[in-house]
Structures are given as C-alpha cells and as structure tokens.
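Quick look at target_19.txt (compact mmCIF, C-alpha atoms and all ligand atoms):
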```txt
# COMPACT_ATOMS: atom_id res chain seq x y z
CA MET L 223 -9.96 -49.13 -29.61
CA LYS L 224 -9.90 -45.50 -28.47
CA ILE L 225 -9.02 -42.79 -30.98
CA GLY L 226 -7.99 -39.27 -29.96
CA LEU L 227 -8.10 -36.66 -32.69
CA ILE L 228 -5.95 -33.53 -32.52
CA GLY L 229 -7.95 -31.12 -34.63
CA SER L 230 -11.60 -30.32 -35.18
CA GLY L 231 -11.78 -29.22 -38.83
CA THR L 232 -13.35 -31.04 -41.79
CA VAL L 233 -10.81 -33.88 -41.74
CA ALA L 234 -10.99 -34.49 -38.00
CA GLN L 235 -14.80 -34.41 -38.01
CA THR L 236 -14.99 -36.74 -41.04
CA LEU L 237 -12.54 -39.26 -39.60
CA ALA L 238 -14.19 -39.07 -36.17
CA ALA L 239 -17.52 -39.98 -37.80
CA GLY L 240 -15.79 -42.83 -39.64
CA PHE L 241 -14.27 -44.20 -36.46
CA LEU L 242 -17.62 -44.00 -34.67
CA LYS L 243 -19.29 -45.83 -37.57
CA HIS L 244 -16.74 -48.64 -37.24
CA GLY L 245 -17.23 -49.02 -33.49
CA TYR L 246 -14.27 -47.08 -32.10
CA GLU L 247 -14.46 -44.73 -29.11
CA VAL L 248 -13.60 -41.18 -30.13
CA MET L 249 -12.45 -37.93 -28.54
CA LEU L 250 -12.12 -34.84 -30.70
CA GLY L 251 -9.50 -32.36 -29.50
CA THR L 252 -9.79 -28.62 -29.99
CA ARG L 253 -8.65 -25.37 -28.39
CA ASP L 254 -12.29 -24.29 -28.13
CA THR L 255 -14.82 -26.97 -27.18
CA ALA L 256 -17.68 -24.41 -27.05
CA ARG L 257 -17.40 -23.95 -30.84
CA LEU L 258 -17.99 -27.69 -31.30
CA ALA L 259 -21.26 -27.84 -29.35
CA ALA L 260 -23.40 -28.34 -32.46
CA TRP L 261 -21.06 -31.09 -33.71
CA GLN L 262 -21.26 -32.89 -30.39
CA ALA L 263 -25.04 -32.59 -30.32
CA SER L 264 -25.18 -34.49 -33.63
CA ASN L 265 -22.47 -36.97 -32.49
CA PRO L 266 -23.51 -37.68 -28.90
CA GLU L 267 -21.30 -40.81 -28.63
CA ALA L 268 -18.17 -38.73 -29.22
CA ARG L 269 -16.25 -36.94 -26.48
CA LEU L 270 -14.78 -33.47 -26.76
CA GLY L 271 -11.63 -32.25 -25.06
CA SER L 272 -8.41 -30.27 -25.33
CA PHE L 273 -5.58 -31.45 -27.60
CA ALA L 274 -3.89 -32.95 -24.49
CA GLN L 275 -7.05 -34.71 -23.30
CA ALA L 276 -7.67 -36.18 -26.78
CA ALA L 277 -4.07 -37.38 -27.05
CA ALA L 278 -4.19 -38.94 -23.57
CA PHE L 279 -7.53 -40.61 -24.39
CA GLY L 280 -6.37 -42.21 -27.64
CA GLU L 281 -4.69 -45.58 -27.93
CA ALA L 282 -4.03 -44.22 -31.41
CA VAL L 283 -3.94 -40.49 -32.20
CA VAL L 284 -4.96 -38.67 -35.39
CA LEU L 285 -3.27 -35.37 -36.27
CA ALA L 286 -5.45 -33.19 -38.52
CA VAL L 287 -4.56 -29.53 -38.16
CA LYS L 288 -3.17 -26.86 -40.49
CA GLY L 289 0.30 -28.03 -41.48
CA ASN L 290 2.06 -24.88 -40.30
CA VAL L 291 0.74 -25.30 -36.75
CA ALA L 292 1.15 -29.10 -36.52
CA ALA L 293 4.21 -28.93 -34.24
CA GLN L 294 2.48 -26.35 -32.05
CA ALA L 295 -0.61 -28.57 -31.74
CA LEU L 296 1.51 -31.60 -30.81
CA ARG L 297 3.38 -29.57 -28.17
CA ALA L 298 0.00 -28.65 -26.69
CA ALA L 299 -1.03 -32.33 -26.85
CA GLY L 300 2.09 -33.25 -24.87
CA ALA L 301 4.87 -35.63 -25.90
CA ASP L 302 4.08 -37.99 -23.01
CA ASN L 303 0.50 -38.39 -24.22
CA LEU L 304 1.80 -39.46 -27.66
CA ALA L 305 4.62 -41.78 -26.61
CA GLY L 306 4.40 -45.33 -27.94
CA LYS L 307 1.18 -44.70 -29.86
CA PRO L 308 0.39 -44.87 -33.59
CA LEU L 309 0.08 -41.25 -34.74
CA LEU L 310 -1.96 -40.98 -37.93
CA ASP L 311 -0.68 -37.84 -39.67
CA ALA L 312 -3.11 -36.42 -42.25
CA CYS L 313 -1.44 -32.99 -42.44
CA ASN L 314 0.01 -31.32 -45.51
CA PRO L 315 2.70 -28.62 -45.38
CA ILE L 316 0.75 -26.15 -47.49
CA ALA L 317 2.30 -22.68 -47.62
CA ASP L 318 0.21 -19.51 -47.41
CA ALA L 319 0.96 -18.50 -51.04
CA PRO L 320 -1.95 -18.95 -53.47
CA PRO L 321 -1.79 -21.82 -56.02
CA VAL L 322 -0.03 -21.08 -59.33
CA ASN L 323 -1.99 -22.56 -62.25
CA GLY L 324 -3.61 -24.87 -59.72
CA VAL L 325 -0.32 -25.94 -58.10
CA LEU L 326 -0.01 -25.40 -54.35
CA SER L 327 3.25 -24.37 -52.68
CA PHE L 328 4.71 -26.24 -49.71
CA PHE L 329 6.84 -24.77 -46.93
CA THR L 330 9.00 -27.94 -46.95
CA THR L 331 11.70 -28.79 -49.53
CA TYR L 332 12.11 -31.91 -51.72
CA GLY L 333 14.67 -33.29 -49.27
CA ASP L 334 12.41 -33.01 -46.27
CA SER L 335 8.82 -33.51 -45.17
CA LEU L 336 6.52 -32.26 -42.45
CA MET L 337 6.14 -35.74 -41.01
CA GLU L 338 9.91 -36.22 -40.66
CA GLN L 339 10.17 -32.87 -38.87
CA LEU L 340 7.43 -33.94 -36.47
CA GLN L 341 8.89 -37.45 -35.99
CA CYS L 342 12.22 -35.83 -35.12
CA GLU L 343 10.66 -33.53 -32.50
CA PHE L 344 8.45 -36.31 -31.05
CA PRO L 345 10.68 -39.41 -31.36
CA GLN L 346 8.54 -41.61 -29.11
CA ALA L 347 5.37 -41.25 -31.20
CA HIS L 348 4.92 -43.72 -34.07
CA PHE L 349 4.03 -41.45 -36.99
CA VAL L 350 2.25 -42.88 -40.04
CA LYS L 351 1.44 -40.64 -42.98
CA VAL L 352 -2.11 -41.39 -44.07
CA PHE L 353 -5.27 -39.71 -45.42
CA ASN L 354 -3.32 -36.70 -46.75
CA SER L 355 -3.77 -37.54 -50.46
CA VAL L 356 -7.56 -37.50 -50.76
CA GLY L 357 -10.31 -35.00 -50.00
CA ALA L 358 -12.20 -35.37 -46.74
CA ALA L 359 -15.42 -36.26 -48.57
CA ARG L 360 -13.83 -39.51 -49.86
CA MET L 361 -11.85 -40.56 -46.76
CA VAL L 362 -14.34 -43.00 -45.26
CA ASN L 363 -15.65 -45.92 -47.34
CA PRO L 364 -15.45 -44.09 -50.68
CA GLU L 365 -17.31 -45.64 -53.60
CA PHE L 366 -15.69 -45.72 -57.01
CA LYS L 367 -16.81 -47.76 -60.02
CA ALA L 368 -13.17 -48.80 -60.55
CA GLY L 369 -13.04 -50.40 -57.09
CA LYS L 370 -11.02 -49.59 -54.00
CA PRO L 371 -8.67 -46.62 -54.22
CA THR L 372 -5.12 -46.78 -52.86
CA MET L 373 -3.90 -45.02 -49.73
CA PHE L 374 -0.16 -44.45 -49.68
CA ILE L 375 1.29 -44.68 -46.19
CA CYS L 376 4.76 -44.57 -44.63
CA GLY L 377 6.35 -44.54 -41.20
CA ASN L 378 9.13 -46.09 -39.15
CA ASP L 379 7.12 -48.39 -36.88
CA ALA L 380 5.79 -51.66 -38.34
CA GLY L 381 3.22 -52.12 -35.54
CA ALA L 382 1.76 -48.65 -36.09
CA LYS L 383 1.53 -49.29 -39.83
CA ALA L 384 -0.26 -52.60 -39.14
CA THR L 385 -2.82 -50.72 -37.01
CA VAL L 386 -3.28 -48.13 -39.76
CA THR L 387 -3.64 -50.83 -42.42
CA LYS L 388 -6.42 -52.45 -40.38
CA ILE L 389 -8.19 -49.09 -40.11
CA LEU L 390 -7.79 -48.54 -43.86
CA ASP L 391 -9.28 -52.00 -44.55
CA GLN L 392 -12.34 -50.98 -42.53
CA PHE L 393 -12.48 -47.57 -44.21
CA GLY L 394 -12.55 -49.24 -47.65
CA TRP L 395 -8.99 -48.59 -48.86
CA GLU L 396 -6.19 -50.62 -50.37
CA THR L 397 -2.96 -49.80 -48.51
CA ALA L 398 0.35 -49.18 -50.28
CA ASP L 399 3.15 -49.08 -47.71
CA MET L 400 5.94 -46.96 -49.17
CA GLY L 401 8.38 -47.67 -46.33
CA ALA L 402 10.01 -45.44 -43.74
CA ALA L 403 9.32 -41.82 -42.76
CA GLU L 404 11.44 -40.42 -45.64
CA ALA L 405 8.74 -41.60 -48.07
CA ALA L 406 6.61 -38.73 -46.74
CA ARG L 407 8.76 -36.55 -49.04
CA ALA L 408 6.88 -38.22 -51.90
CA ILE L 409 3.49 -38.85 -50.25
CA GLU L 410 2.92 -35.30 -49.00
CA PRO L 411 3.22 -33.78 -52.51
CA LEU L 412 0.47 -36.15 -53.70
CA CYS L 413 -1.75 -33.50 -52.11
CA MET L 414 -0.46 -30.97 -54.66
CA LEU L 415 -1.25 -33.38 -57.50
CA TRP L 416 -4.65 -34.25 -56.04
CA CYS L 417 -5.64 -30.57 -55.78
CA ILE L 418 -4.77 -29.57 -59.37
CA PRO L 419 -8.01 -30.86 -60.98
CA GLY L 420 -9.86 -29.13 -58.16
CA PHE L 421 -8.33 -25.71 -58.67
CA GLN L 422 -8.30 -26.03 -62.48
CA ARG L 423 -11.64 -27.72 -63.20
CA ASN L 424 -13.50 -27.82 -59.88
CA LEU L 425 -13.08 -31.63 -59.69
CA TRP L 426 -12.60 -32.72 -56.08
CA THR L 427 -13.98 -36.29 -56.00
CA HIS L 428 -11.10 -38.40 -57.32
CA ALA L 429 -8.64 -40.68 -55.53
CA PHE L 430 -5.39 -42.39 -56.51
CA LYS L 431 -5.05 -46.05 -57.44
CA LEU L 432 -1.80 -48.00 -57.78
CA LEU L 433 -2.04 -50.64 -60.53
CA ILE L 434 0.20 -53.69 -60.10
CA GLU L 435 0.45 -56.47 -62.65
N1 LIG N 1 -9.70 -30.68 -46.06
C1 LIG N 1 -9.35 -31.76 -46.72
O1 LIG N 1 -10.12 -32.30 -47.54
C2 LIG N 1 -7.99 -32.39 -46.49
C3 LIG N 1 -7.66 -33.57 -47.14
C4 LIG N 1 -6.42 -34.18 -46.86
C5 LIG N 1 -5.55 -33.61 -45.95
N2 LIG N 1 -5.89 -32.43 -45.34
C6 LIG N 1 -4.95 -31.86 -44.35
O2 LIG N 1 -5.50 -32.15 -43.07
C7 LIG N 1 -5.22 -31.10 -42.14
C8 LIG N 1 -6.54 -30.60 -41.54
O3 LIG N 1 -7.31 -30.02 -42.55
P1 LIG N 1 -8.79 -29.45 -42.29
O4 LIG N 1 -9.27 -29.01 -43.63
O5 LIG N 1 -9.57 -30.42 -41.50
O6 LIG N 1 -8.61 -28.22 -41.32
P2 LIG N 1 -7.64 -26.98 -41.20
O7 LIG N 1 -8.44 -25.75 -41.34
O8 LIG N 1 -6.41 -27.15 -42.05
O9 LIG N 1 -7.20 -27.14 -39.67
C9 LIG N 1 -8.14 -26.98 -38.65
C10 LIG N 1 -7.50 -27.30 -37.33
O10 LIG N 1 -6.27 -26.55 -37.16
C11 LIG N 1 -6.21 -26.15 -35.81
N3 LIG N 1 -5.42 -24.92 -35.67
C12 LIG N 1 -5.49 -23.80 -36.43
N4 LIG N 1 -4.64 -22.86 -35.94
C13 LIG N 1 -4.02 -23.44 -34.86
C14 LIG N 1 -3.02 -23.00 -33.95
N5 LIG N 1 -2.48 -21.79 -34.04
N6 LIG N 1 -2.63 -23.86 -32.98
C15 LIG N 1 -3.16 -25.09 -32.88
N7 LIG N 1 -4.11 -25.57 -33.72
C16 LIG N 1 -4.53 -24.76 -34.69
C17 LIG N 1 -7.66 -25.88 -35.43
O11 LIG N 1 -7.75 -26.04 -34.04
P3 LIG N 1 -9.07 -25.67 -33.21
O12 LIG N 1 -9.93 -26.89 -33.23
O13 LIG N 1 -8.56 -25.38 -31.86
O14 LIG N 1 -9.69 -24.49 -33.89
C18 LIG N 1 -8.42 -26.94 -36.18
O15 LIG N 1 -8.60 -28.08 -35.39
C19 LIG N 1 -4.45 -30.03 -42.94
O16 LIG N 1 -3.07 -30.19 -42.71
C20 LIG N 1 -4.81 -30.33 -44.40
O17 LIG N 1 -3.78 -29.97 -45.30
C21 LIG N 1 -7.08 -31.79 -45.60
```

Show how you would write the structure in this file as structure tokens.
Amino acid sequence: MKIGLIGSGTVAQTLAAGFLKHGYEVMLGTRDTARLAAWQASNPEARLGSFAQAAAFGEAVVLAVKGNVAAQALRAAGADNLAGKPLLDACNPIADAPPVNGVLSFFTTYGDSLMEQLQCEFPQAHFVKVFNSVGAARMVNPEFKAGKPTMFICGNDAGAKATVTKILDQFGWETADMGAAEAARAIEPLCMLWCIPGFQRNLWTHAFKLLIE
C-alpha cells in the first residue's frame, strides 16, 4: 500500500520510517523538499514531494502538521487528492499560549474538535483520529513491560478505520475504536493529559492503556 504523508516534522518522519519498515511505499510531503535532503539520503526508499504530490501518491494519507495550519495544509494537498481515502489525522489543536502548570491550551472548545472541522471542510476524505495521544518516540512498535498500549481512534468511515486498525496491529498497538468523528472531542484532549507528566516531571515515554475486564 502507498502512504502519502502531509508534513515533514518529527511525527511524519517517524511514521514514514515505520511504514517503510513494514513494507509500505512512502512519500513525504513538504513545502520545502530541499530542507529534507539529509532525511532522504538516510531513507533512500522514500519519495519526497509537495503536499499535493504526497496526497495524490497515497492510497492512504497521513496528516501530521501543526494543528493551526492543518486546514491550510489540506487545501494545498487538494480535496480531489484526498477524496475516498483513509486520512490518518495525528494533529492536535494546540494553541500558542504556554502550558499552565503543565496543561496545554487548545484553540477548539469542548463541543468541537479539529478533526470534525477538517472532516466538514473535506467531506470526501475518510478522517480517522490516530497517533495524537502518544509521543513520536513511542509511535512505532513501542515496547512496554505491561504489554501493548492502546491507541484510541475515531472516524465516520468503517473501511478507513479497518485500514487504520490493520496498520496499528503492525505498529504494535491495541486499537480502541471510540466511534464517530465527534469522539475526537475526547481523543484530542488526551494529548493534554499525555503532556502533563512531560512538562511537570520531564517524563515523555508513557502511553495509555484501556483495561477491560
Ligand atoms: N511531536 C510529537 O511527539 C507529537 C505526538 C502526537 C501528535 N503530534 C501532533 O502531530 C502534528 C505534527 O507534529 P510534529 O511535532 O511532527 O511537527 P510540527 O512542528 O507540529 O509540524 C511540522 C509540519 O507543519 C508544517 N507547517 C508549519 N507551518 C505550516 C504552514 N503555514 N502551512 C502548511 N504547513 C505548515 C510543516 O511543513 P513543512 O514540511 O513544509 O515545513 C511541517 O511539515 C502536530 O499537530 C502535533 O500536535 C505531535
């Protein structure tokens, strides 16, 4: 399967390496391919392109850009290049304000989420919230003594969620499907919770696990 990534930061690079490791074809999308020359030299199997080229390349598309420019990046990628495809949304709507006692601020409200805003603007893409509630260093085949961590996902398209669940199986995660896009109102703030031990005690290596009897 071909994966196009919109974004070239830590998350996009980490996931791209994960997809390559698991045998996918990958194109990383950026506004400035020249800046990624060193990355491409160490990942010669990967392709580099614009946001639009990466979106067109992917049979599934990953969105991993700063939350406040996510819509802008998708507009540059082009709605037609996203239509009918699973869109793995790792973004968090983090506001520019500094954390207060370790607690980040979001630019969304409790009755809304970034992913719903994006799904509304790009109705033909099949958004799935995923990878937003763990640090990049633990996204691909993380090892914890307590076993597999849980990735909370949501989205409106069952087929896209099945694709994402298969990817999460390969990436060493247990998937907890929280339902439709509205569940992103709960999944996005997991980022705030996840970051508190980091800002307060410099602990950045944990992940969430859902325990079910
Ligand atoms: N870092 C983590 O551990 C982590 C974990 C979970 C979720 N997340 C979320 O994942 C997303 C990506 O995080 P990140 O740390 O990898 O990188 P980031 O610094 O949040 O974002 C980098 C990307 O944003 C793009 N970008 C910046 N300004 C832009 C603009 N004006 N228009 C279009 N694109 C723009 C950059 O594009 P260019 O390539 O063109 O420069 C780059 O690809 C964020 O929403 C973050 O909250 C991060």

Would you tabulate, counting all atoms listed in the file, all residues of chain L that have an atom at most 7 Å from an atom of ligand LIG 1 (chain N), showing the closest pair of atoms and their distance in Å to one decimal, sorted by chain then ascending number, as a tab-separated table?
```
residue	atom	partner	partner_atom	distance
L:Ile228	CA	N:LIG1	O15	6.7
L:Gly229	CA	N:LIG1	O15	3.2
L:Ser230	CA	N:LIG1	O15	3.7
L:Gly231	CA	N:LIG1	O5	3.7
L:Thr232	CA	N:LIG1	O5	3.8
L:Val233	CA	N:LIG1	O5	3.7
L:Ala234	CA	N:LIG1	O5	5.6
L:Gly251	CA	N:LIG1	O12	6.6
L:Thr252	CA	N:LIG1	O12	3.7
L:Arg253	CA	N:LIG1	O13	3.5
L:Asp254	CA	N:LIG1	O13	5.4
L:Ala286	CA	N:LIG1	C8	4.1
L:Val287	CA	N:LIG1	O10	3.6
L:Lys288	CA	N:LIG1	O8	3.6
L:Gly289	CA	N:LIG1	O16	4.2
L:Val291	CA	N:LIG1	C14	5.2
L:Ala292	CA	N:LIG1	C15	6.9
L:Gln294	CA	N:LIG1	N6	5.8
L:Ala295	CA	N:LIG1	C15	4.5
L:Ala312	CA	N:LIG1	O2	5.0
L:Cys313	CA	N:LIG1	O16	3.3
L:Asn314	CA	N:LIG1	O17	4.0
L:Pro315	CA	N:LIG1	O16	6.5
L:Ile316	CA	N:LIG1	O17	6.3
L:Phe353	CA	N:LIG1	C4	5.8
L:Asn354	CA	N:LIG1	C5	3.9
L:Ser355	CA	N:LIG1	C4	5.6
L:Val356	CA	N:LIG1	C4	5.2
L:Gly357	CA	N:LIG1	O1	3.7
L:Ala358	CA	N:LIG1	O1	3.8
L:Ala359	CA	N:LIG1	O1	6.7
```

Check: Need the neighbours of (-14.1, -47.3, -46.7): which residues are at most 8 Å away, counting all atoms listed in the file, as a VMD selection string?
Finding: chain L and resid 361 to 365 390 to 395

Item checked: For range 405-422 of chain L: contacts at 6 Å, all atoms listed in the file, fewer than 6 positions along chain excluded, given as number ranges by chain -> L: 324-326, 334-335, 355

Give me the range 270-343 of chain L side of the contact with range 373-384 of chain L, cut-off 8 Å, one line per residue showing its nearest atom pair and distance in Å at one decimal, counting only C-alpha atoms, sorted by chain and residue number, as a tab-separated table.
```
residue	atom	partner	partner_atom	distance
L:Lys307	CA	L:Ala382	CA	7.4
L:Pro308	CA	L:Ala382	CA	4.7
L:Leu309	CA	L:Ala382	CA	7.7
```

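Interatomic distance, CA of Asn323 in chain L to CA of Asn424 in chain L: 12.9 Å.
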
Next item on the list: Name the residues in contact with Pro371 in chain L at a cut-off of 7 Å, using all atoms listed in the file, excluding same-chain residues fewer than 3 positions from it; report them as a PyMOL selection string.
Entry: chain L and resi 395-396+429-431

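For the set L:Thr387, L:Thr372, L:Asn290, L:Gln341, the residue with the smallest atom-to-atom gap to Leu432 in chain L is L:Thr372, counting only C-alpha atoms.
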
Next item on the list: Would you mind listing what lies within 10 Å of range 344-346 of chain L as a ChimeraX atom specification, with all atoms listed in the file counted and same-chain residues fewer than 6 positions away left out?
Entry: /L:293,296-297,300-308,338

Next item on the list: Please indicate the distance in Å from CA of Lys224 in chain L to CA of Ile389 in chain L, rounded to one decimal place.
Entry: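 Value for the CA of Lys224 in chain L-CA of Ile389 in chain L distance: 12.3 Å.
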
Can I get N, CA, C and O atoms for range 320-350 of chain L, as an mmCIF file, in the first residue's frame?
```cif
data_model
loop_
_atom_site.group_PDB
_atom_site.id
_atom_site.type_symbol
_atom_site.label_atom_id
_atom_site.label_comp_id
_atom_site.auth_asym_id
_atom_site.auth_seq_id
_atom_site.Cartn_x
_atom_site.Cartn_y
_atom_site.Cartn_z
ATOM 1 N N PRO L 320 1.426 29.389 26.376
ATOM 2 C CA PRO L 320 2.256 28.407 27.068
ATOM 3 C C PRO L 320 1.416 27.546 28.026
ATOM 4 O O PRO L 320 0.336 27.973 28.447
ATOM 5 N N PRO L 321 1.894 26.329 28.375
ATOM 6 C CA PRO L 321 1.134 25.491 29.309
ATOM 7 C C PRO L 321 1.021 26.155 30.683
ATOM 8 O O PRO L 321 1.927 26.885 31.102
ATOM 9 N N VAL L 322 -0.093 25.900 31.359
ATOM 10 C CA VAL L 322 -0.295 26.410 32.721
ATOM 11 C C VAL L 322 -0.202 25.226 33.665
ATOM 12 O O VAL L 322 -1.000 24.293 33.580
ATOM 13 N N ASN L 323 0.789 25.231 34.558
ATOM 14 C CA ASN L 323 1.039 24.068 35.416
ATOM 15 C C ASN L 323 1.057 22.771 34.608
ATOM 16 O O ASN L 323 0.499 21.747 35.005
ATOM 17 N N GLY L 324 1.670 22.831 33.455
ATOM 18 C CA GLY L 324 1.822 21.637 32.619
ATOM 19 C C GLY L 324 0.635 21.343 31.711
ATOM 20 O O GLY L 324 0.659 20.364 30.961
ATOM 21 N N VAL L 325 -0.419 22.160 31.769
ATOM 22 C CA VAL L 325 -1.628 21.886 30.996
ATOM 23 C C VAL L 325 -1.675 22.790 29.758
ATOM 24 O O VAL L 325 -1.731 24.015 29.873
ATOM 25 N N LEU L 326 -1.664 22.147 28.601
ATOM 26 C CA LEU L 326 -1.716 22.894 27.332
ATOM 27 C C LEU L 326 -3.092 23.514 27.122
ATOM 28 O O LEU L 326 -4.087 23.040 27.677
ATOM 29 N N SER L 327 -3.151 24.549 26.300
ATOM 30 C CA SER L 327 -4.437 25.109 25.867
ATOM 31 C C SER L 327 -4.700 24.676 24.436
ATOM 32 O O SER L 327 -3.769 24.555 23.635
ATOM 33 N N PHE L 328 -5.988 24.475 24.132
ATOM 34 C CA PHE L 328 -6.416 24.155 22.768
ATOM 35 C C PHE L 328 -7.161 25.351 22.179
ATOM 36 O O PHE L 328 -7.762 26.130 22.921
ATOM 37 N N PHE L 329 -7.137 25.465 20.856
ATOM 38 C CA PHE L 329 -7.922 26.532 20.218
ATOM 39 C C PHE L 329 -9.330 26.057 19.869
ATOM 40 O O PHE L 329 -10.125 26.815 19.326
ATOM 41 N N THR L 330 -9.649 24.790 20.152
ATOM 42 C CA THR L 330 -11.011 24.274 19.974
ATOM 43 C C THR L 330 -11.747 24.347 21.314
ATOM 44 O O THR L 330 -11.119 24.573 22.352
ATOM 45 N N THR L 331 -13.072 24.105 21.286
ATOM 46 C CA THR L 331 -13.859 24.087 22.529
ATOM 47 C C THR L 331 -14.253 22.638 22.848
ATOM 48 O O THR L 331 -14.057 21.742 22.021
ATOM 49 N N TYR L 332 -14.863 22.424 24.024
ATOM 50 C CA TYR L 332 -15.281 21.058 24.403
ATOM 51 C C TYR L 332 -16.328 20.481 23.460
ATOM 52 O O TYR L 332 -16.462 19.269 23.349
ATOM 53 N N GLY L 333 -17.071 21.348 22.789
ATOM 54 C CA GLY L 333 -18.144 20.871 21.900
ATOM 55 C C GLY L 333 -17.711 20.757 20.456
ATOM 56 O O GLY L 333 -18.555 20.698 19.546
ATOM 57 N N ASP L 334 -16.399 20.703 20.244
ATOM 58 C CA ASP L 334 -15.896 20.707 18.876
ATOM 59 C C ASP L 334 -14.528 20.014 18.887
ATOM 60 O O ASP L 334 -13.961 19.762 19.952
ATOM 61 N N SER L 335 -14.023 19.718 17.711
ATOM 62 C CA SER L 335 -12.667 19.168 17.629
ATOM 63 C C SER L 335 -12.074 19.583 16.293
ATOM 64 O O SER L 335 -12.795 19.907 15.347
ATOM 65 N N LEU L 336 -10.751 19.544 16.239
ATOM 66 C CA LEU L 336 -10.068 19.880 14.984
ATOM 67 C C LEU L 336 -10.493 18.903 13.893
ATOM 68 O O LEU L 336 -10.775 19.299 12.762
ATOM 69 N N MET L 337 -10.553 17.606 14.236
ATOM 70 C CA MET L 337 -10.852 16.640 13.180
ATOM 71 C C MET L 337 -12.245 16.850 12.600
ATOM 72 O O MET L 337 -12.440 16.721 11.386
ATOM 73 N N GLU L 338 -13.220 17.208 13.441
ATOM 74 C CA GLU L 338 -14.560 17.469 12.900
ATOM 75 C C GLU L 338 -14.544 18.683 11.967
ATOM 76 O O GLU L 338 -15.216 18.689 10.934
ATOM 77 N N GLN L 339 -13.783 19.708 12.333
ATOM 78 C CA GLN L 339 -13.689 20.895 11.467
ATOM 79 C C GLN L 339 -13.127 20.495 10.106
ATOM 80 O O GLN L 339 -13.611 20.915 9.064
ATOM 81 N N LEU L 340 -12.082 19.651 10.146
ATOM 82 C CA LEU L 340 -11.436 19.244 8.893
ATOM 83 C C LEU L 340 -12.362 18.323 8.092
ATOM 84 O O LEU L 340 -12.470 18.447 6.864
ATOM 85 N N GLN L 341 -13.047 17.389 8.785
ATOM 86 C CA GLN L 341 -13.971 16.482 8.095
ATOM 87 C C GLN L 341 -15.083 17.274 7.398
ATOM 88 O O GLN L 341 -15.506 16.935 6.296
ATOM 89 N N CYS L 342 -15.517 18.351 8.061
ATOM 90 C CA CYS L 342 -16.582 19.192 7.500
ATOM 91 C C CYS L 342 -16.084 19.913 6.232
ATOM 92 O O CYS L 342 -16.798 19.985 5.240
ATOM 93 N N GLU L 343 -14.856 20.399 6.260
ATOM 94 C CA GLU L 343 -14.327 21.109 5.082
ATOM 95 C C GLU L 343 -13.942 20.152 3.948
ATOM 96 O O GLU L 343 -13.990 20.533 2.780
ATOM 97 N N PHE L 344 -13.583 18.910 4.316
ATOM 98 C CA PHE L 344 -13.157 17.927 3.294
ATOM 99 C C PHE L 344 -14.041 16.680 3.435
ATOM 100 O O PHE L 344 -13.580 15.621 3.890
ATOM 101 N N PRO L 345 -15.323 16.803 3.048
ATOM 102 C CA PRO L 345 -16.286 15.729 3.346
ATOM 103 C C PRO L 345 -15.987 14.410 2.634
ATOM 104 O O PRO L 345 -16.456 13.367 3.087
ATOM 105 N N GLN L 346 -15.219 14.451 1.550
ATOM 106 C CA GLN L 346 -14.979 13.195 0.819
ATOM 107 C C GLN L 346 -13.785 12.409 1.342
ATOM 108 O O GLN L 346 -13.561 11.271 0.952
ATOM 109 N N ALA L 347 -13.002 13.003 2.226
ATOM 110 C CA ALA L 347 -11.878 12.266 2.837
ATOM 111 C C ALA L 347 -12.411 11.506 4.046
ATOM 112 O O ALA L 347 -13.338 11.949 4.717
ATOM 113 N N HIS L 348 -11.814 10.328 4.313
ATOM 114 C CA HIS L 348 -12.289 9.495 5.424
ATOM 115 C C HIS L 348 -11.342 9.659 6.623
ATOM 116 O O HIS L 348 -10.407 8.868 6.804
ATOM 117 N N PHE L 349 -11.593 10.701 7.407
ATOM 118 C CA PHE L 349 -10.716 11.017 8.535
ATOM 119 C C PHE L 349 -10.792 9.961 9.638
ATOM 120 O O PHE L 349 -11.880 9.504 10.006
ATOM 121 N N VAL L 350 -9.620 9.608 10.173
ATOM 122 C CA VAL L 350 -9.531 8.766 11.370
ATOM 123 C C VAL L 350 -8.532 9.427 12.306
ATOM 124 O O VAL L 350 -7.390 9.693 11.928
#
```
